[in-house]
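Colleague: Below is the file coords.cif, with mmCIF, C-alpha atoms.
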```cif
data_structure
loop_
_atom_site.label_atom_id
_atom_site.label_comp_id
_atom_site.auth_asym_id
_atom_site.auth_seq_id
_atom_site.Cartn_x
_atom_site.Cartn_y
_atom_site.Cartn_z
CA MET A 1 159.76 59.99 -42.13
CA PHE A 2 162.44 62.70 -41.83
CA GLN A 3 160.42 65.53 -43.37
CA ARG A 4 158.76 68.21 -41.33
CA GLU A 5 155.13 68.65 -42.31
CA ALA A 6 154.24 72.28 -42.96
CA PRO A 7 151.34 73.61 -40.87
CA LYS A 8 148.03 73.96 -42.70
CA GLY A 9 145.04 76.15 -42.17
CA ARG A 10 141.85 74.83 -40.59
CA LEU A 11 140.05 74.63 -43.92
CA LEU A 12 142.83 72.63 -45.59
CA THR A 13 143.08 70.38 -42.53
CA ALA A 14 139.33 69.72 -42.67
CA PHE A 15 139.45 68.87 -46.39
CA GLY A 16 142.46 66.63 -45.80
CA MET A 17 140.58 64.81 -43.05
CA LEU A 18 137.53 64.34 -45.32
CA GLU A 19 139.76 62.99 -48.10
CA LEU A 20 141.38 60.55 -45.67
CA ILE A 21 137.94 59.39 -44.46
CA PHE A 22 136.85 58.88 -48.07
CA HIS A 23 139.84 56.69 -48.94
CA ALA A 24 139.54 54.76 -45.68
CA SER A 25 135.83 54.20 -46.39
CA VAL A 26 136.64 52.82 -49.85
CA ARG A 27 139.18 50.49 -48.24
CA THR A 28 136.59 49.35 -45.68
CA VAL A 29 134.02 48.61 -48.39
CA ARG A 30 136.51 46.70 -50.53
CA LYS A 31 138.09 44.66 -47.73
CA ASN A 32 134.82 42.81 -47.07
CA HIS A 33 135.19 41.05 -50.43
CA GLY A 34 137.80 41.05 -53.18
CA ASN A 35 135.17 42.13 -55.70
CA PRO A 36 133.09 45.08 -54.39
CA ILE A 37 130.19 44.23 -56.74
CA ILE A 38 129.94 40.71 -55.32
CA GLY A 39 130.19 42.13 -51.80
CA LEU A 40 127.25 44.42 -52.53
CA LEU A 41 125.25 41.57 -54.08
CA LEU A 42 125.87 39.42 -51.00
CA ASN A 43 124.58 42.22 -48.78
CA ILE A 44 121.50 42.63 -51.01
CA LEU A 45 120.93 38.86 -50.87
CA GLN A 46 121.15 38.92 -47.09
CA THR A 47 118.55 41.72 -46.95
CA VAL A 48 116.22 39.94 -49.38
CA MET A 49 116.48 36.69 -47.43
CA LEU A 50 115.64 38.46 -44.17
CA VAL A 51 112.62 40.14 -45.79
CA ALA A 52 111.47 36.77 -47.18
CA VAL A 53 111.88 35.04 -43.80
CA PHE A 54 109.84 37.67 -41.97
CA TYR A 55 107.20 37.72 -44.72
CA LEU A 56 106.73 33.95 -44.38
CA LEU A 57 106.83 34.21 -40.59
CA PHE A 58 104.02 36.77 -40.62
CA GLN A 59 102.03 34.55 -42.96
CA VAL A 60 102.48 31.41 -40.84
CA LEU A 61 101.73 33.17 -37.52
CA GLY A 62 98.74 34.98 -39.00
CA MET A 63 100.13 38.41 -38.10
CA ARG A 64 99.30 40.01 -41.44
CA GLY A 65 96.11 41.51 -40.05
CA MET A 66 98.19 43.48 -37.50
CA ALA A 67 100.12 45.28 -40.24
CA ILE A 68 99.52 48.88 -41.33
CA ARG A 69 96.94 49.36 -44.07
CA GLY A 70 98.90 49.78 -47.29
CA ASP A 71 101.60 47.84 -49.11
CA TYR A 72 102.26 44.85 -46.85
CA LEU A 73 105.74 44.06 -48.17
CA LEU A 74 106.76 47.71 -47.81
CA TYR A 75 105.67 47.44 -44.17
CA VAL A 76 108.02 44.47 -43.71
CA MET A 77 110.90 46.12 -45.59
CA SER A 78 110.61 49.39 -43.64
CA GLY A 79 111.48 47.56 -40.43
CA ILE A 80 114.14 45.34 -42.00
CA PHE A 81 116.04 48.21 -43.64
CA MET A 82 116.30 50.25 -40.44
CA PHE A 83 117.17 47.17 -38.39
CA MET A 84 119.92 46.17 -40.82
CA THR A 85 121.28 49.73 -41.00
CA HIS A 86 121.44 49.93 -37.20
CA ILE A 87 123.13 46.61 -36.46
CA LYS A 88 125.51 46.82 -39.45
CA ALA A 89 126.69 50.27 -38.34
CA LEU A 90 127.13 49.02 -34.78
CA GLY A 91 129.09 45.96 -35.91
CA ALA A 92 131.27 47.94 -38.34
CA VAL A 93 132.24 50.60 -35.79
CA ALA A 94 132.71 48.15 -32.91
CA GLY A 95 134.96 46.01 -35.14
CA CYS A 96 137.08 48.75 -36.74
CA GLU A 97 140.77 49.37 -36.07
CA GLY A 98 141.48 50.37 -32.50
CA PRO A 99 144.34 52.39 -30.98
CA THR A 100 146.74 49.40 -31.05
CA SER A 101 146.06 48.49 -34.69
CA ALA A 102 148.94 48.47 -37.17
CA MET A 103 147.07 51.04 -39.27
CA MET A 104 147.59 53.61 -36.50
CA LYS A 105 151.33 53.57 -37.18
CA HIS A 106 150.73 55.63 -40.31
CA ALA A 107 150.92 59.33 -39.46
CA PRO A 108 147.64 60.67 -40.93
CA MET A 109 145.60 57.75 -39.57
CA ASN A 110 143.83 57.93 -36.23
CA THR A 111 140.92 56.25 -34.47
CA PHE A 112 138.48 59.02 -35.42
CA VAL A 113 139.15 58.35 -39.10
CA ALA A 114 138.73 54.61 -38.51
CA ILE A 115 135.36 55.13 -36.78
CA ALA A 116 134.11 57.61 -39.39
CA SER A 117 135.19 55.47 -42.35
CA ALA A 118 133.59 52.32 -40.91
CA ALA A 119 130.35 54.24 -40.29
CA VAL A 120 130.29 55.81 -43.76
CA ALA A 121 131.09 52.50 -45.47
CA SER A 122 128.26 50.78 -43.59
CA LEU A 123 125.78 53.55 -44.48
CA TYR A 124 126.81 53.46 -48.14
CA THR A 125 126.37 49.70 -48.38
CA GLN A 126 122.99 49.62 -46.64
CA VAL A 127 121.50 52.60 -48.49
CA LEU A 128 122.64 51.23 -51.84
CA SER A 129 121.22 47.81 -50.99
CA ALA A 130 117.88 49.35 -49.93
CA ILE A 131 117.68 51.40 -53.14
CA VAL A 132 118.35 48.35 -55.31
CA VAL A 133 115.80 46.17 -53.48
CA LEU A 134 113.11 48.88 -53.54
CA TYR A 135 113.70 49.63 -57.22
CA ILE A 136 113.43 45.97 -58.21
CA TYR A 137 110.22 45.61 -56.19
CA HIS A 138 108.83 48.86 -57.61
CA ALA A 139 109.70 48.04 -61.24
CA ALA A 140 108.96 44.31 -61.33
CA PHE A 141 106.20 43.67 -58.79
CA ASN A 142 104.23 46.58 -57.34
CA PRO A 143 104.71 50.37 -57.64
CA ILE A 144 105.37 51.94 -54.26
CA SER A 145 105.19 55.47 -52.91
CA PHE A 146 106.15 57.09 -49.61
CA HIS A 147 103.91 59.56 -47.79
CA ASN A 148 106.94 61.56 -46.58
CA LEU A 149 110.21 60.38 -48.10
CA PRO A 150 112.48 62.93 -46.34
CA GLY A 151 111.05 61.79 -43.00
CA VAL A 152 111.73 58.13 -43.84
CA LEU A 153 115.32 58.99 -44.79
CA GLY A 154 115.70 60.96 -41.57
CA MET A 155 114.64 57.95 -39.49
CA LEU A 156 117.02 55.73 -41.48
CA LEU A 157 119.88 58.12 -40.71
CA LEU A 158 118.83 58.23 -37.05
CA SER A 159 118.86 54.41 -36.94
CA TRP A 160 122.36 54.49 -38.45
CA SER A 161 123.66 57.19 -36.10
CA SER A 162 122.37 55.37 -33.00
CA GLY A 163 124.18 52.23 -34.17
CA VAL A 164 127.37 54.28 -34.68
CA ALA A 165 127.08 55.76 -31.17
CA ILE A 166 126.63 52.38 -29.47
CA GLY A 167 129.41 50.89 -31.62
CA THR A 168 131.78 53.71 -30.56
CA LEU A 169 131.13 52.94 -26.89
CA LEU A 170 131.75 49.23 -27.46
CA LEU A 171 134.94 50.02 -29.41
CA ALA A 172 136.23 52.06 -26.47
CA LEU A 173 135.54 49.18 -24.06
CA LYS A 174 136.94 46.43 -26.31
CA PRO A 175 140.67 46.78 -25.43
CA TRP A 176 139.81 46.37 -21.74
CA GLN A 177 137.51 43.32 -22.07
CA PRO A 178 137.56 42.06 -25.67
CA ASP A 179 135.75 38.77 -25.00
CA ALA A 180 132.97 40.38 -22.95
CA VAL A 181 132.46 43.15 -25.52
CA GLY A 182 132.24 40.58 -28.31
CA ILE A 183 129.54 38.69 -26.42
CA ILE A 184 127.64 41.92 -25.63
CA THR A 185 127.78 42.99 -29.29
CA GLN A 186 126.38 39.69 -30.56
CA LEU A 187 123.77 39.57 -27.79
CA TYR A 188 122.57 43.10 -28.59
CA GLN A 189 122.37 42.37 -32.31
CA ARG A 190 120.43 39.13 -31.77
CA ALA A 191 118.13 40.68 -29.17
CA ASN A 192 117.16 43.44 -31.58
CA MET A 193 115.57 40.83 -33.84
CA ILE A 194 112.68 41.08 -31.35
CA ALA A 195 113.43 44.18 -29.24
CA SER A 196 113.47 46.51 -32.28
CA GLY A 197 109.72 46.01 -32.63
CA LYS A 198 109.86 45.62 -36.39
CA MET A 199 107.38 42.74 -36.14
CA PHE A 200 104.77 44.84 -34.33
CA VAL A 201 102.84 48.08 -34.69
CA ALA A 202 103.24 50.23 -31.59
CA ASN A 203 99.71 51.65 -31.75
CA THR A 204 98.20 48.16 -31.44
CA MET A 205 100.39 46.99 -28.54
CA PRO A 206 99.01 46.93 -24.96
CA THR A 207 100.77 49.13 -22.43
CA SER A 208 102.08 46.10 -20.52
CA LYS A 209 103.95 44.97 -23.64
CA LEU A 210 104.94 48.45 -24.83
CA VAL A 211 107.23 49.03 -21.84
CA LEU A 212 109.35 46.08 -23.01
CA PHE A 213 110.26 47.92 -26.23
CA ASP A 214 110.10 51.69 -25.71
CA TRP A 215 113.57 51.82 -24.08
CA ASN A 216 115.09 50.91 -27.44
CA PRO A 217 115.93 53.86 -29.76
CA LEU A 218 115.55 51.57 -32.78
CA PHE A 219 111.96 50.81 -31.78
CA HIS A 220 111.15 54.52 -31.97
CA THR A 221 112.89 55.11 -35.31
CA ILE A 222 111.17 52.13 -36.95
CA ASP A 223 107.75 53.18 -35.69
CA GLN A 224 108.29 56.82 -36.66
CA GLY A 225 109.66 55.74 -40.05
CA ARG A 226 106.46 53.80 -40.71
CA GLY A 227 104.49 56.89 -39.75
CA PHE A 228 106.34 58.85 -42.41
CA ALA A 229 106.07 56.03 -44.97
CA PHE A 230 102.33 55.32 -44.67
CA LEU A 231 99.52 57.85 -45.01
CA ASN A 232 97.16 55.78 -42.82
CA TYR A 233 99.45 55.44 -39.80
CA ASN A 234 100.07 58.06 -37.13
CA PRO A 235 102.38 56.78 -34.34
CA HIS A 236 101.19 57.74 -30.85
CA TYR A 237 103.58 55.82 -28.58
CA SER A 238 106.93 56.75 -30.11
CA ASN A 239 108.86 59.90 -30.99
CA TRP A 240 112.07 60.82 -32.78
CA GLU A 241 113.37 63.11 -30.01
CA TYR A 242 114.13 60.22 -27.64
CA PRO A 243 116.47 58.30 -30.00
CA LEU A 244 118.16 61.58 -30.97
CA LYS A 245 118.90 62.46 -27.33
CA VAL A 246 120.05 58.92 -26.51
CA THR A 247 122.30 58.89 -29.58
CA LEU A 248 123.97 62.20 -28.67
CA VAL A 249 124.51 61.16 -25.03
CA ILE A 250 125.96 57.74 -25.91
CA LEU A 251 128.13 59.25 -28.67
CA VAL A 252 129.64 61.81 -26.31
CA ILE A 253 130.30 59.15 -23.65
CA GLY A 254 131.73 56.81 -26.29
CA LEU A 255 134.11 59.45 -27.67
CA MET A 256 135.26 60.36 -24.15
CA ALA A 257 135.82 56.68 -23.33
CA GLU A 258 137.63 56.13 -26.63
CA ASN A 259 139.92 59.09 -25.92
CA PHE A 260 140.76 57.62 -22.49
CA THR A 261 141.36 54.16 -23.97
CA ARG A 262 143.57 55.53 -26.75
CA LYS A 263 145.87 57.14 -24.18
CA HIS A 264 146.17 54.04 -21.99
CA ALA A 265 145.82 51.04 -24.34
CA SER A 266 148.91 48.91 -24.91
CA ILE A 267 149.56 46.43 -27.70
CA SER A 268 150.94 44.01 -25.09
CA TRP A 269 147.40 43.48 -23.73
CA GLY A 270 146.63 41.23 -26.66
CA ALA A 271 150.00 39.47 -26.79
CA LYS A 272 148.64 36.35 -25.11
CA ARG A 273 145.75 35.99 -27.60
#
```
Using structure tokens, write down the structure that the file contains.
Modeller:
Amino acid sequence: MFQREAPKGRLLTAFGMLELIFHASVRTVRKNHGNPIIGLLLNILQTVMLVAVFYLLFQVLGMRGMAIRGDYLLYVMSGIFMFMTHIKALGAVAGCEGPTSAMMKHAPMNTFVAIASAAVASLYTQVLSAIVVLYIYHAAFNPISFHNLPGVLGMLLLSWSSGVAIGTLLLALKPWQPDAVGIITQLYQRANMIASGKMFVANTMPTSKLVLFDWNPLFHTIDQGRGFAFLNYNPHYSNWEYPLKVTLVILVIGLMAENFTRKHASISWGAKR
């Protein structure tokens, strides 16, 4: 407390920040459950259950014929993985420690580290869960292959980064209207069950229905990801440039809003809650 911290160079400061983000990410992963292995298994179980529900839903509604020619379950999982990565990143960032959190009383800690650690922890959990599920399916049921694996991973990262950007904007707004932001977050996550377009193939949708989905960056990343995953599918009504531009714009606005909120937020705002 009474020691003067010696100034460091930019390189040492950057490494110190990365180390702090790493330790904060480990804390974020472990705080979800006392045992990190069980926490990971619960996340894998949630993913498997969602895949099973949509598989049965497609079977009951007779939508299997609308799927892309290839491995049908891989078609289902490609949409589920990107959907889960997006909404989990959004929820983790929107729910991380804000400027009035007790963690901000520790000198090295700041809101940027909290946002980055929540985003990295979410990405780690979802990627590890996807790898485990795909390996079990590949080894025990049906061998799978991707037409362009780097492209699929790029769309997964773009789904994650768009969720981080939207979560940052919601985090900046939360101290001002916490109840409204909570409702908006849940509404957006629930709406993306349909609005993400993971149940449809964009090339087979009529134009009148396509306009209901093409505003959503996640719709584009899922459709482009399927184009990279399957040899027989070439997406015509989506692109990866749109979600990238939207992500950058929302991220910049969210960081500016978070900076404004950090300077004006007061812990007394939540005293009545």
Colleague: Give me the residues within 8 Å of segment 167-171 of chain A as a list in words, counting all atoms listed in the file and dropping any in the same chain fewer than 2 places off.
Modeller: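 With the cut-off at 8 Å, the set is Ala89, Leu90, Gly91, Ala92, Val93, Ala94, Gly95, Cys96, Gly98, Ile115, Gly163, Val164, Ala165, Leu173, Lys174, Pro175, Val181, Thr185, Ile250, Leu251, Ile253, Gly254, Leu255, Ala257 and Glu258 of chain A.
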Colleague: Just so the selection is clear, what residues does the PyMOL selection byres ((chain A and resi 112) around 12) cover here, as an MDAnalysis selection string?
Modeller: chainID A and resid 17:18 20:21 24 93 96:99 104 108:111 113:119 168 171:172 254:256 258:259 262
Colleague: What's around Pro217 of chain A at 8 Å? Count all atoms listed in the file, leave out sequence neighbours fewer than 5 positions away in its own chain, and write the answer as a PyMOL selection string.
Modeller: chain A and resi 159+162+242-243+246
Colleague: Please dump the current selection as a PDB file, keeping the file's coordinate frame; keep C-alpha atoms.
Modeller:
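So result38.pdb came out as:
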```pdb
ATOM      1  CA  SER A 159     118.860  54.410 -36.940  1.00  0.00           C
ATOM      2  CA  SER A 162     122.370  55.370 -33.000  1.00  0.00           C
ATOM      3  CA  TYR A 242     114.130  60.220 -27.640  1.00  0.00           C
ATOM      4  CA  PRO A 243     116.470  58.300 -30.000  1.00  0.00           C
ATOM      5  CA  VAL A 246     120.050  58.920 -26.510  1.00  0.00           C
TER       6      VAL A 246
END
```
Colleague: Which value, in Å to one decimal, gives the distance between atom CA of Ile44 of chain A and atom CA of Thr125 of chain A?
Modeller: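 Atom CA of Thr125 of chain A lies at a distance of 9.0 Å from atom CA of Ile44 of chain A.
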Colleague: Atom CA of Ser145 of chain A and atom CA of Leu41 of chain A are how many Å apart?
Modeller: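 For atom CA of Ser145 of chain A relative to atom CA of Leu41 of chain A, the distance reads 24.4 Å.
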